[in-house]
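Chemist: Structure file final32.pdb (PDB, C-alpha atoms (C1' of nucleotides)) right here:
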```
MODEL        1
ATOM      1  CA  MET T  16      89.328  81.594 143.843
ATOM      2  CA  ASN T  17      91.081  78.765 142.060
ATOM      3  CA  ASN T  18      93.970  79.305 139.718
ATOM      4  CA  GLU T  19      92.001  79.491 136.488
ATOM      5  CA  ILE T  20      89.431  81.906 137.872
ATOM      6  CA  GLN T  21      92.254  83.979 139.308
ATOM      7  CA  LYS T  22      93.865  84.151 135.885
ATOM      8  CA  LYS T  23      90.623  85.269 134.241
ATOM      9  CA  TYR T  24      90.152  88.211 136.557
ATOM     10  CA  GLN T  25      93.840  89.028 136.535
ATOM     11  CA  LYS T  26      93.703  89.448 132.781
ATOM     12  CA  ARG T  27      90.537  91.489 132.939
ATOM     13  CA  SER T  28      92.028  93.780 135.561
ATOM     14  CA  GLU T  29      95.155  94.364 133.490
ATOM     15  CA  LEU T  30      93.006  95.719 130.712
ATOM     16  CA  ILE T  31      91.066  97.934 133.084
ATOM     17  CA  LYS T  32      94.241  99.193 134.749
ATOM     18  CA  ALA T  33      95.438 100.323 131.348
ATOM     19  CA  LEU T  34      92.391 102.623 131.252
ATOM     20  CA  ALA T  35      92.565 103.741 134.865
ATOM     21  CA  HIS T  36      94.373 107.042 134.533
ATOM     22  CA  PRO T  37      92.962 110.461 133.626
ATOM     23  CA  THR T  38      95.576 111.121 130.977
ATOM     24  CA  ARG T  39      95.028 107.755 129.335
ATOM     25  CA  LEU T  40      91.256 108.244 129.319
ATOM     26  CA  PHE T  41      91.713 111.626 127.735
ATOM     27  CA  ILE T  42      93.947 110.140 125.054
ATOM     28  CA  ILE T  43      91.370 107.441 124.267
ATOM     29  CA  ASP T  44      88.747 110.140 123.744
ATOM     30  CA  PHE T  45      91.147 112.296 121.761
ATOM     31  CA  LEU T  46      91.873 109.381 119.430
ATOM     32  CA  SER T  47      88.192 108.706 118.872
ATOM     33  CA  ASP T  48      88.035 111.032 115.879
ATOM     34  CA  GLY T  49      91.030 109.498 114.204
ATOM     35  CA  GLU T  50      94.705 108.731 114.617
ATOM     36  CA  LYS T  51      97.085 111.262 116.095
ATOM     37  CA  CYS T  52     100.836 111.484 116.361
ATOM     38  CA  VAL T  53     102.552 111.694 119.743
ATOM     39  CA  CYS T  54     103.346 115.393 119.481
ATOM     40  CA  GLU T  55      99.674 116.230 118.868
ATOM     41  CA  ILE T  56      98.753 114.356 122.037
ATOM     42  CA  VAL T  57     101.503 116.058 124.010
ATOM     43  CA  GLU T  58     100.228 119.419 122.836
ATOM     44  CA  GLN T  59      96.713 118.647 124.094
ATOM     45  CA  VAL T  60      97.692 117.132 127.413
ATOM     46  CA  GLY T  61     100.586 119.354 128.363
ATOM     47  CA  VAL T  62     102.892 116.960 130.175
ATOM     48  CA  ASP T  63     106.360 115.737 129.273
ATOM     49  CA  ILE T  64     106.589 113.758 126.047
ATOM     50  CA  SER T  65     108.253 110.870 127.858
ATOM     51  CA  THR T  66     105.260 110.624 130.173
ATOM     52  CA  ILE T  67     102.871 110.493 127.216
ATOM     53  CA  SER T  68     105.041 107.932 125.481
ATOM     54  CA  LYS T  69     104.865 105.683 128.534
ATOM     55  CA  HIS T  70     101.097 106.056 128.827
ATOM     56  CA  LEU T  71     100.798 105.073 125.168
ATOM     57  CA  LEU T  72     102.975 102.039 125.774
ATOM     58  CA  VAL T  73     100.754 100.923 128.655
ATOM     59  CA  MET T  74      97.682 101.151 126.405
ATOM     60  CA  LYS T  75      99.433  99.474 123.510
ATOM     61  CA  ASN T  76     100.514  96.561 125.681
ATOM     62  CA  ALA T  77      96.926  96.188 126.808
ATOM     63  CA  GLY T  78      95.688  96.148 123.219
ATOM     64  CA  LEU T  79      93.739  99.383 123.543
ATOM     65  CA  VAL T  80      95.671 101.260 120.866
ATOM     66  CA  GLU T  81      97.943 100.449 117.983
ATOM     67  CA  SER T  82     100.684 102.478 116.342
ATOM     68  CA  GLU T  83     102.299 102.945 113.011
ATOM     69  CA  LYS T  84     105.409 104.900 112.152
ATOM     70  CA  ARG T  85     105.342 107.154 109.113
ATOM     71  CA  GLY T  86     108.363 109.339 108.553
ATOM     72  CA  LEU T  87     109.418 110.895 111.797
ATOM     73  CA  ASN T  88     106.012 110.507 113.399
ATOM     74  CA  MET T  89     104.453 107.666 115.302
ATOM     75  CA  PHE T  90     100.682 107.593 114.822
ATOM     76  CA  TYR T  91      98.395 106.042 117.398
ATOM     77  CA  LYS T  92      94.776 104.978 117.014
ATOM     78  CA  THR T  93      92.287 103.062 119.133
ATOM     79  CA  THR T  94      91.613  99.416 118.385
ATOM     80  CA  CYS T  95      88.181  99.227 119.915
ATOM     81  CA  PRO T  96      85.123 101.240 118.895
ATOM     82  CA  CYS T  97      83.129  99.802 121.822
ATOM     83  CA  ILE T  98      85.112 101.838 124.330
ATOM     84  CA  SER T  99      82.758 104.791 124.096
ATOM     85  CA  SER T 100      79.747 102.703 125.056
ATOM     86  CA  LEU T 101      81.721 101.570 128.047
ATOM     87  CA  PHE T 102      82.058 105.172 129.111
ATOM     88  CA  ASP T 103      78.320 105.696 128.748
ATOM     89  CA  CYS T 104      77.844 102.985 131.342
ATOM     90  CA  LEU T 105      80.415 104.589 133.609
ATOM     91  CA  GLU T 106      78.829 108.004 133.300
ATOM     92  CA  SER T 107      75.487 106.575 134.350
ATOM     93  CA  ILE T 108      77.087 105.333 137.555
ATOM     94  CA  SER T 109      78.781 108.656 138.162
ATOM     95  CA  LYS T 110      75.536 110.565 137.928
ATOM     96  CA  LYS T 111      74.195 108.764 140.985
ATOM     97  CA  ASP T 112      76.250 111.004 143.272
TER      98      ASP T 112
ATOM     99  CA  MET M 267      94.109 119.776 129.392
ATOM    100  CA  ASN M 268      92.381 122.637 131.170
ATOM    101  CA  ASN M 269      91.065 122.359 134.687
ATOM    102  CA  GLU M 270      87.523 121.332 133.826
ATOM    103  CA  ILE M 271      88.581 118.675 131.340
ATOM    104  CA  GLN M 272      91.105 117.438 133.862
ATOM    105  CA  LYS M 273      88.354 117.100 136.441
ATOM    106  CA  LYS M 274      86.140 115.144 134.060
ATOM    107  CA  TYR M 275      88.771 112.527 133.348
ATOM    108  CA  GLN M 276      89.890 112.462 136.956
ATOM    109  CA  LYS M 277      86.403 111.493 138.013
ATOM    110  CA  ARG M 278      86.102 108.903 135.291
ATOM    111  CA  SER M 279      89.422 107.360 136.249
ATOM    112  CA  GLU M 280      88.432 107.102 139.893
ATOM    113  CA  LEU M 281      85.493 104.962 138.912
ATOM    114  CA  ILE M 282      87.638 102.783 136.694
ATOM    115  CA  LYS M 283      90.303 102.423 139.370
ATOM    116  CA  ALA M 284      87.649 101.060 141.679
ATOM    117  CA  LEU M 285      87.192  98.229 139.176
ATOM    118  CA  ALA M 286      90.867  97.720 138.430
ATOM    119  CA  HIS M 287      91.697  94.807 140.714
ATOM    120  CA  PRO M 288      91.137  91.083 140.129
ATOM    121  CA  THR M 289      89.480  90.556 143.495
ATOM    122  CA  ARG M 290      87.107  93.451 142.984
ATOM    123  CA  LEU M 291      86.182  92.263 139.495
ATOM    124  CA  PHE M 292      85.488  88.828 140.889
ATOM    125  CA  ILE M 293      83.272  90.318 143.579
ATOM    126  CA  ILE M 294      81.303  92.329 141.000
ATOM    127  CA  ASP M 295      80.631  89.129 139.068
ATOM    128  CA  PHE M 296      79.837  87.212 142.243
ATOM    129  CA  LEU M 297      77.265  89.833 143.219
ATOM    130  CA  SER M 298      75.615  89.699 139.812
ATOM    131  CA  ASP M 299      73.217  86.964 140.875
ATOM    132  CA  GLY M 300      72.130  88.786 143.996
ATOM    133  CA  GLU M 301      73.349  90.305 147.232
ATOM    134  CA  LYS M 302      75.904  88.514 149.394
ATOM    135  CA  CYS M 303      77.229  89.063 152.892
ATOM    136  CA  VAL M 304      80.912  89.707 153.481
ATOM    137  CA  CYS M 305      81.597  86.235 154.858
ATOM    138  CA  GLU M 306      80.196  84.618 151.703
ATOM    139  CA  ILE M 307      82.554  86.725 149.614
ATOM    140  CA  VAL M 308      85.494  85.883 151.867
ATOM    141  CA  GLU M 309      84.699  82.197 151.491
ATOM    142  CA  GLN M 310      84.778  82.458 147.692
ATOM    143  CA  VAL M 311      87.875  84.607 147.397
ATOM    144  CA  GLY M 312      89.999  83.163 150.168
ATOM    145  CA  VAL M 313      91.861  86.203 151.446
ATOM    146  CA  ASP M 314      91.714  87.928 154.809
ATOM    147  CA  ILE M 315      88.334  89.411 155.704
ATOM    148  CA  SER M 316      89.911  92.808 156.345
ATOM    149  CA  THR M 317      91.225  92.815 152.796
ATOM    150  CA  ILE M 318      87.781  92.025 151.412
ATOM    151  CA  SER M 319      86.226  94.692 153.586
ATOM    152  CA  LYS M 320      88.609  97.278 152.176
ATOM    153  CA  HIS M 321      87.937  96.211 148.604
ATOM    154  CA  LEU M 322      84.219  96.575 149.273
ATOM    155  CA  LEU M 323      84.786 100.038 150.704
ATOM    156  CA  VAL M 324      86.666 101.108 147.585
ATOM    157  CA  MET M 325      83.776  99.958 145.404
ATOM    158  CA  LYS M 326      81.181 101.496 147.682
ATOM    159  CA  ASN M 327      82.938 104.865 147.630
ATOM    160  CA  ALA M 328      82.956 104.691 143.843
ATOM    161  CA  GLY M 329      79.231 103.953 143.762
ATOM    162  CA  LEU M 330      79.669 100.483 142.291
ATOM    163  CA  VAL M 331      78.038  98.640 145.191
ATOM    164  CA  GLU M 332      75.770  99.444 148.086
ATOM    165  CA  SER M 333      75.371  97.768 151.444
ATOM    166  CA  GLU M 334      72.730  97.089 154.043
ATOM    167  CA  LYS M 335      73.162  95.685 157.503
ATOM    168  CA  ARG M 336      70.744  93.040 158.717
ATOM    169  CA  GLY M 337      71.523  91.469 162.040
ATOM    170  CA  LEU M 338      75.177  90.628 162.265
ATOM    171  CA  ASN M 339      75.653  90.604 158.505
ATOM    172  CA  MET M 340      76.426  93.328 156.052
ATOM    173  CA  PHE M 341      74.939  92.575 152.644
ATOM    174  CA  TYR M 342      76.426  94.012 149.485
ATOM    175  CA  LYS M 343      74.881  94.305 146.050
ATOM    176  CA  THR M 344      75.823  95.978 142.778
ATOM    177  CA  THR M 345      74.238  99.286 141.850
ATOM    178  CA  CYS M 346      74.717  99.036 138.112
ATOM    179  CA  PRO M 347      73.291  96.343 135.827
ATOM    180  CA  CYS M 348      75.245  97.758 132.877
ATOM    181  CA  ILE M 349      78.539  96.512 134.289
ATOM    182  CA  SER M 350      78.255  93.170 132.580
ATOM    183  CA  SER M 351      77.931  94.741 129.126
ATOM    184  CA  LEU M 352      81.060  96.667 129.928
ATOM    185  CA  PHE M 353      82.856  93.391 130.475
ATOM    186  CA  ASP M 354      81.601  92.106 127.133
ATOM    187  CA  CYS M 355      83.387  95.013 125.515
ATOM    188  CA  LEU M 356      86.537  94.298 127.480
ATOM    189  CA  GLU M 357      86.488  90.628 126.571
ATOM    190  CA  SER M 358      86.272  91.520 122.894
ATOM    191  CA  ILE M 359      89.483  93.503 123.253
ATOM    192  CA  SER M 360      91.183  90.695 125.163
ATOM    193  CA  LYS M 361      90.450  88.172 122.463
ATOM    194  CA  LYS M 362      92.570  90.083 119.989
ATOM    195  CA  ASP M 363      95.742  88.636 121.537
TER     196      ASP M 363
ATOM    197  C1'  DT R 131     128.688 112.977 107.228
ATOM    198  C1'  DA R 132     126.557 115.991 110.476
ATOM    199  C1'  DC R 133     122.585 117.692 112.352
ATOM    200  C1'  DC R 134     117.684 118.102 113.384
ATOM    201  C1'  DT R 135     113.152 116.425 114.819
ATOM    202  C1'  DA R 136     110.129 112.812 116.893
ATOM    203  C1'  DC R 137     109.917 109.494 119.903
ATOM    204  C1'  DT R 138     111.399 105.825 123.348
ATOM    205  C1'  DT R 139     113.970 104.085 127.199
ATOM    206  C1'  DG R 140     116.598 104.234 131.640
ATOM    207  C1'  DG R 141     116.920 105.892 136.089
ATOM    208  C1'  DT R 142     115.452 108.234 140.250
ATOM    209  C1'  DT R 143     112.131 109.804 143.503
ATOM    210  C1'  DA R 144     107.521 110.471 145.386
ATOM    211  C1'  DA R 145     102.900 108.910 145.822
ATOM    212  C1'  DT R 146      99.536 105.323 145.865
ATOM    213  C1'  DT R 147      97.868 100.701 146.510
ATOM    214  C1'  DT R 148      97.679  96.239 148.561
ATOM    215  C1'  DG R 149      97.630  92.686 152.123
ATOM    216  C1'  DC R 150      98.193  91.181 156.601
ATOM    217  C1'  DC R 151      97.738  91.516 161.645
ATOM    218  C1'  DA R 152      95.759  93.490 165.628
ATOM    219  C1'  DA R 153      92.397  96.257 167.741
ATOM    220  C1'  DA R 154      87.886  98.351 167.672
ATOM    221  C1'  DT R 155      82.913  98.253 166.815
ATOM    222  C1'  DA R 156      78.192  96.379 166.178
ATOM    223  C1'  DC R 157      74.811  93.242 167.009
ATOM    224  C1'  DC R 158      72.923  89.177 169.137
ATOM    225  C1'  DA R 159      72.241  85.569 172.697
ATOM    226  C1'  DA R 160      72.770  83.453 177.195
TER     227       DA R 160
ATOM    228  C1'  DT Q 279      76.630  91.782 181.634
ATOM    229  C1'  DT Q 280      79.483  88.451 179.538
ATOM    230  C1'  DG Q 281      80.757  86.393 175.551
ATOM    231  C1'  DG Q 282      80.563  85.240 170.630
ATOM    232  C1'  DT Q 283      80.211  86.229 165.677
ATOM    233  C1'  DA Q 284      80.544  89.556 161.701
ATOM    234  C1'  DT Q 285      82.619  93.375 159.999
ATOM    235  C1'  DT Q 286      85.444  97.663 159.919
ATOM    236  C1'  DT Q 287      89.423 100.381 160.947
ATOM    237  C1'  DG Q 288      94.380 101.521 162.004
ATOM    238  C1'  DG Q 289      98.949 100.761 161.115
ATOM    239  C1'  DC Q 290     102.801  99.011 158.820
ATOM    240  C1'  DA Q 291     105.811  96.900 155.059
ATOM    241  C1'  DA Q 292     106.093  95.532 150.278
ATOM    242  C1'  DA Q 293     104.861  96.297 145.612
ATOM    243  C1'  DT Q 294     103.299  99.156 141.928
ATOM    244  C1'  DT Q 295     102.648 103.420 139.495
ATOM    245  C1'  DA Q 296     103.671 107.987 137.839
ATOM    246  C1'  DA Q 297     106.367 112.104 136.650
ATOM    247  C1'  DC Q 298     110.428 114.209 135.352
ATOM    248  C1'  DC Q 299     115.080 114.592 133.322
ATOM    249  C1'  DA Q 300     118.702 112.738 130.654
ATOM    250  C1'  DA Q 301     120.377 109.751 127.294
ATOM    251  C1'  DG Q 302     119.517 106.794 123.375
ATOM    252  C1'  DT Q 303     117.402 105.527 118.794
ATOM    253  C1'  DA Q 304     115.217 106.233 114.199
ATOM    254  C1'  DG Q 305     114.280 108.713 110.241
ATOM    255  C1'  DG Q 306     114.842 112.878 107.349
ATOM    256  C1'  DT Q 307     117.633 116.539 105.267
ATOM    257  C1'  DA Q 308     121.617 119.517 104.136
TER     258       DA Q 308
ENDMDL
END
```
Show me, as structure tokens, the structure contained in the file I just sent.
Modeler:
Amino acid sequence: MNNEIQKKYQKRSELIKALAHPTRLFIIDFLSDGEKCVCEIVEQVGVDISTISKHLLVMKNAGLVESEKRGLNMFYKTTCPCISSLFDCLESISKKD
Amino acid sequence: MNNEIQKKYQKRSELIKALAHPTRLFIIDFLSDGEKCVCEIVEQVGVDISTISKHLLVMKNAGLVESEKRGLNMFYKTTCPCISSLFDCLESISKKD
DNA sequence: TACCTACTTGGTTAATTTGCCAAATACCAA
DNA sequence: TTGGTATTTGGCAAATTAACCAAGTAGGTA
């Protein structure tokens, strides 16, 4: 792999890594019916708020979600409607087991 | 997240993790025009053959590729034609930067 | 101001992943 | 059987990731 090719797949893998965690996948699904604030996500997932905040940062850095502060709350929403079709593909692989 | 939900996203993340490495993504693309033996992959990627072998095992365990031995060679091919559409989705996110 | 709530960041530890080398295995040919 | 090629497996060190707690920051309210 030359340098340019390497860079292409590096970038692609960074995006995929940002999805590659059960909690982050759950959050993506949870956000699919509209934006949520951090405390709503924490309530659903049931881990420490700092852990959720870091997961959200990972996804934000990857461009998967975006956030907006209103009052005391930080609201997160997905940036990409195509994500769900991606999961359809993944599910079809899973079913082969 | 209750136990069943947890399990669902756990499984999904395992599949995604199997994709989440530049070398493995390259291999998936490289296999898209037909099966290849391990030494052909090694030649393209340029890392140790044991490293490639382990990457292939990760993808095989996830159901992303399958293998067949013929003579001295082990041939690998993808199991899922939908993978490339998945990458189209990912690229559309990447371009937002 | 002082205090409260919502969230982020820093720091530590444990677990997981990766890559290389060396050794083992599988198949083929002389 | 001896040896050679292709691949896998074991083992180890380095790098990365994840979870928690504690401390810090931002905005709202009394």
Chemist: The PyMOL selection byres ((chain T and resi 107) around 12) on the file shown: which residues, as a PDB file with C-alpha atoms, keeping the file's coordinate frame?
Modeler:
```
ATOM      1  CA  SER T 100      79.747 102.703 125.056  1.00  0.00           C
ATOM      2  CA  LEU T 101      81.721 101.570 128.047  1.00  0.00           C
ATOM      3  CA  PHE T 102      82.058 105.172 129.111  1.00  0.00           C
ATOM      4  CA  ASP T 103      78.320 105.696 128.748  1.00  0.00           C
ATOM      5  CA  CYS T 104      77.844 102.985 131.342  1.00  0.00           C
ATOM      6  CA  LEU T 105      80.415 104.589 133.609  1.00  0.00           C
ATOM      7  CA  GLU T 106      78.829 108.004 133.300  1.00  0.00           C
ATOM      8  CA  ILE T 108      77.087 105.333 137.555  1.00  0.00           C
ATOM      9  CA  SER T 109      78.781 108.656 138.162  1.00  0.00           C
ATOM     10  CA  LYS T 110      75.536 110.565 137.928  1.00  0.00           C
ATOM     11  CA  LYS T 111      74.195 108.764 140.985  1.00  0.00           C
ATOM     12  CA  ASP T 112      76.250 111.004 143.272  1.00  0.00           C
TER      13      ASP T 112
ATOM     14  CA  ARG M 278      86.102 108.903 135.291  1.00  0.00           C
ATOM     15  CA  LEU M 281      85.493 104.962 138.912  1.00  0.00           C
ATOM     16  CA  GLY M 329      79.231 103.953 143.762  1.00  0.00           C
ATOM     17  CA  LEU M 330      79.669 100.483 142.291  1.00  0.00           C
ATOM     18  CA  THR M 345      74.238  99.286 141.850  1.00  0.00           C
ATOM     19  CA  CYS M 346      74.717  99.036 138.112  1.00  0.00           C
ATOM     20  CA  PRO M 347      73.291  96.343 135.827  1.00  0.00           C
ATOM     21  CA  CYS M 348      75.245  97.758 132.877  1.00  0.00           C
ATOM     22  CA  ILE M 349      78.539  96.512 134.289  1.00  0.00           C
TER      23      ILE M 349
END
```
Chemist: Evaluate the PyMOL selection byres ((chain R) within 10 of (chain T)) on the structure here and hand back the selected residues as a list in words.
Modeler: DT135, DA136, DC137, DT138 and DT139 of chain R
Chemist: Counting only C-alpha atoms (C1' of nucleotides), a student should be able to say which residues of chain Q come within 8 Å of chain M; what is the right answer, written as a ChimeraX atom specification?
Modeler: /Q:283-286
Chemist: Scan for residues within 7 Å of the point (94.1, 121.4, 128.5) in the coordinates of the file, using all atoms listed in the file, and reply as a PyMOL selection string.
Modeler: (chain T and resi 59-61) or (chain M and resi 267-269+271)
Chemist: Let's have the selection written as a CSV table (one decimal), in the frame of the given file, with C-alpha atoms.
Modeler:
```
chain,number,residue,atom,x,y,z
T,59,GLN,CA,96.7,118.6,124.1
T,60,VAL,CA,97.7,117.1,127.4
T,61,GLY,CA,100.6,119.4,128.4
M,267,MET,CA,94.1,119.8,129.4
M,268,ASN,CA,92.4,122.6,131.2
M,269,ASN,CA,91.1,122.4,134.7
M,271,ILE,CA,88.6,118.7,131.3
```
Chemist: Restrict the calculation to all atoms listed in the file, then for each residue of chain M with any atom at most 6 Å from an atom of chain T give the closest atom pair and their distance in Å to one decimal, rows by chain and rising residue number, as a tab-separated table.
Modeler:
```
residue	atom	partner	partner_atom	distance
M:Met267	CA	T:Val60	CA	4.9
M:Tyr275	CA	T:Pro37	CA	4.7
M:Gln276	CA	T:Pro37	CA	5.0
M:Ser279	CA	T:Ala35	CA	5.0
M:Ile282	CA	T:Ala35	CA	5.3
M:Lys283	CA	T:Ala35	CA	5.2
M:Ala286	CA	T:Ser28	CA	5.0
M:His287	CA	T:Ser28	CA	5.3
M:Pro288	CA	T:Tyr24	CA	4.7
M:Val311	CA	T:Met16	CA	4.9
M:Leu352	CA	T:Leu101	CA	5.3
```
Chemist: Could you work out how far CA of Ile293 in chain M lies from CA of Glu332 in chain M, giving the answer in Å with one decimal?
Modeler: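 Pair CA of Glu332 in chain M / CA of Ile293 in chain M returns 12.6 Å.
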Chemist: What box, with edges along x, y and z, holds each listed atom of range 48-57 of chain T when 5 Å is added on every side, and can you state its centre and edge lengths in Å to one decimal, as lines of an AutoDock Vina configuration file?
Modeler:
```
center_x = 95.7
center_y = 112.5
center_z = 119.1
size_x = 25.3
size_y = 17.5
size_z = 19.8
```
Chemist: Show which residues sit within 12 Å of DG289 in chain Q, as a PyMOL selection string. Count all atoms listed in the file, and ignore same-chain residues fewer than 6 positions away.
Modeler: chain R and resi 150-153
Chemist: Expressed in Å to a single decimal, how great is the separation between CA of Glu50 in chain T and CA of Glu270 in chain M?
Modeler: 24.1 Å
Chemist: Can you list, as a list of chain:residue names, every protein, DNA or RNA residue that comes within 12 Å of DC298 in chain Q when you count only C-alpha atoms (C1' of nucleotides), leaving out same-chain residues fewer than 3 positions away?
Modeler: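 That gives T:Val62, T:Asp63, T:Ile64, T:Ser65, T:Thr66, T:Ile67, R:DG141, R:DT142, R:DT143, R:DA144.
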Chemist: For those residues, write C-alpha atoms (C1' of nucleotides) to a file as a PDB file, in the coordinates of the input.
Modeler:
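The new file out_28.pdb reads:
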```
ATOM      1  CA  VAL T  62     102.892 116.960 130.175  1.00  0.00           C
ATOM      2  CA  ASP T  63     106.360 115.737 129.273  1.00  0.00           C
ATOM      3  CA  ILE T  64     106.589 113.758 126.047  1.00  0.00           C
ATOM      4  CA  SER T  65     108.253 110.870 127.858  1.00  0.00           C
ATOM      5  CA  THR T  66     105.260 110.624 130.173  1.00  0.00           C
ATOM      6  CA  ILE T  67     102.871 110.493 127.216  1.00  0.00           C
TER       7      ILE T  67
ATOM      8  C1'  DG R 141     116.920 105.892 136.089  1.00  0.00           C
ATOM      9  C1'  DT R 142     115.452 108.234 140.250  1.00  0.00           C
ATOM     10  C1'  DT R 143     112.131 109.804 143.503  1.00  0.00           C
ATOM     11  C1'  DA R 144     107.521 110.471 145.386  1.00  0.00           C
TER      12       DA R 144
END
```
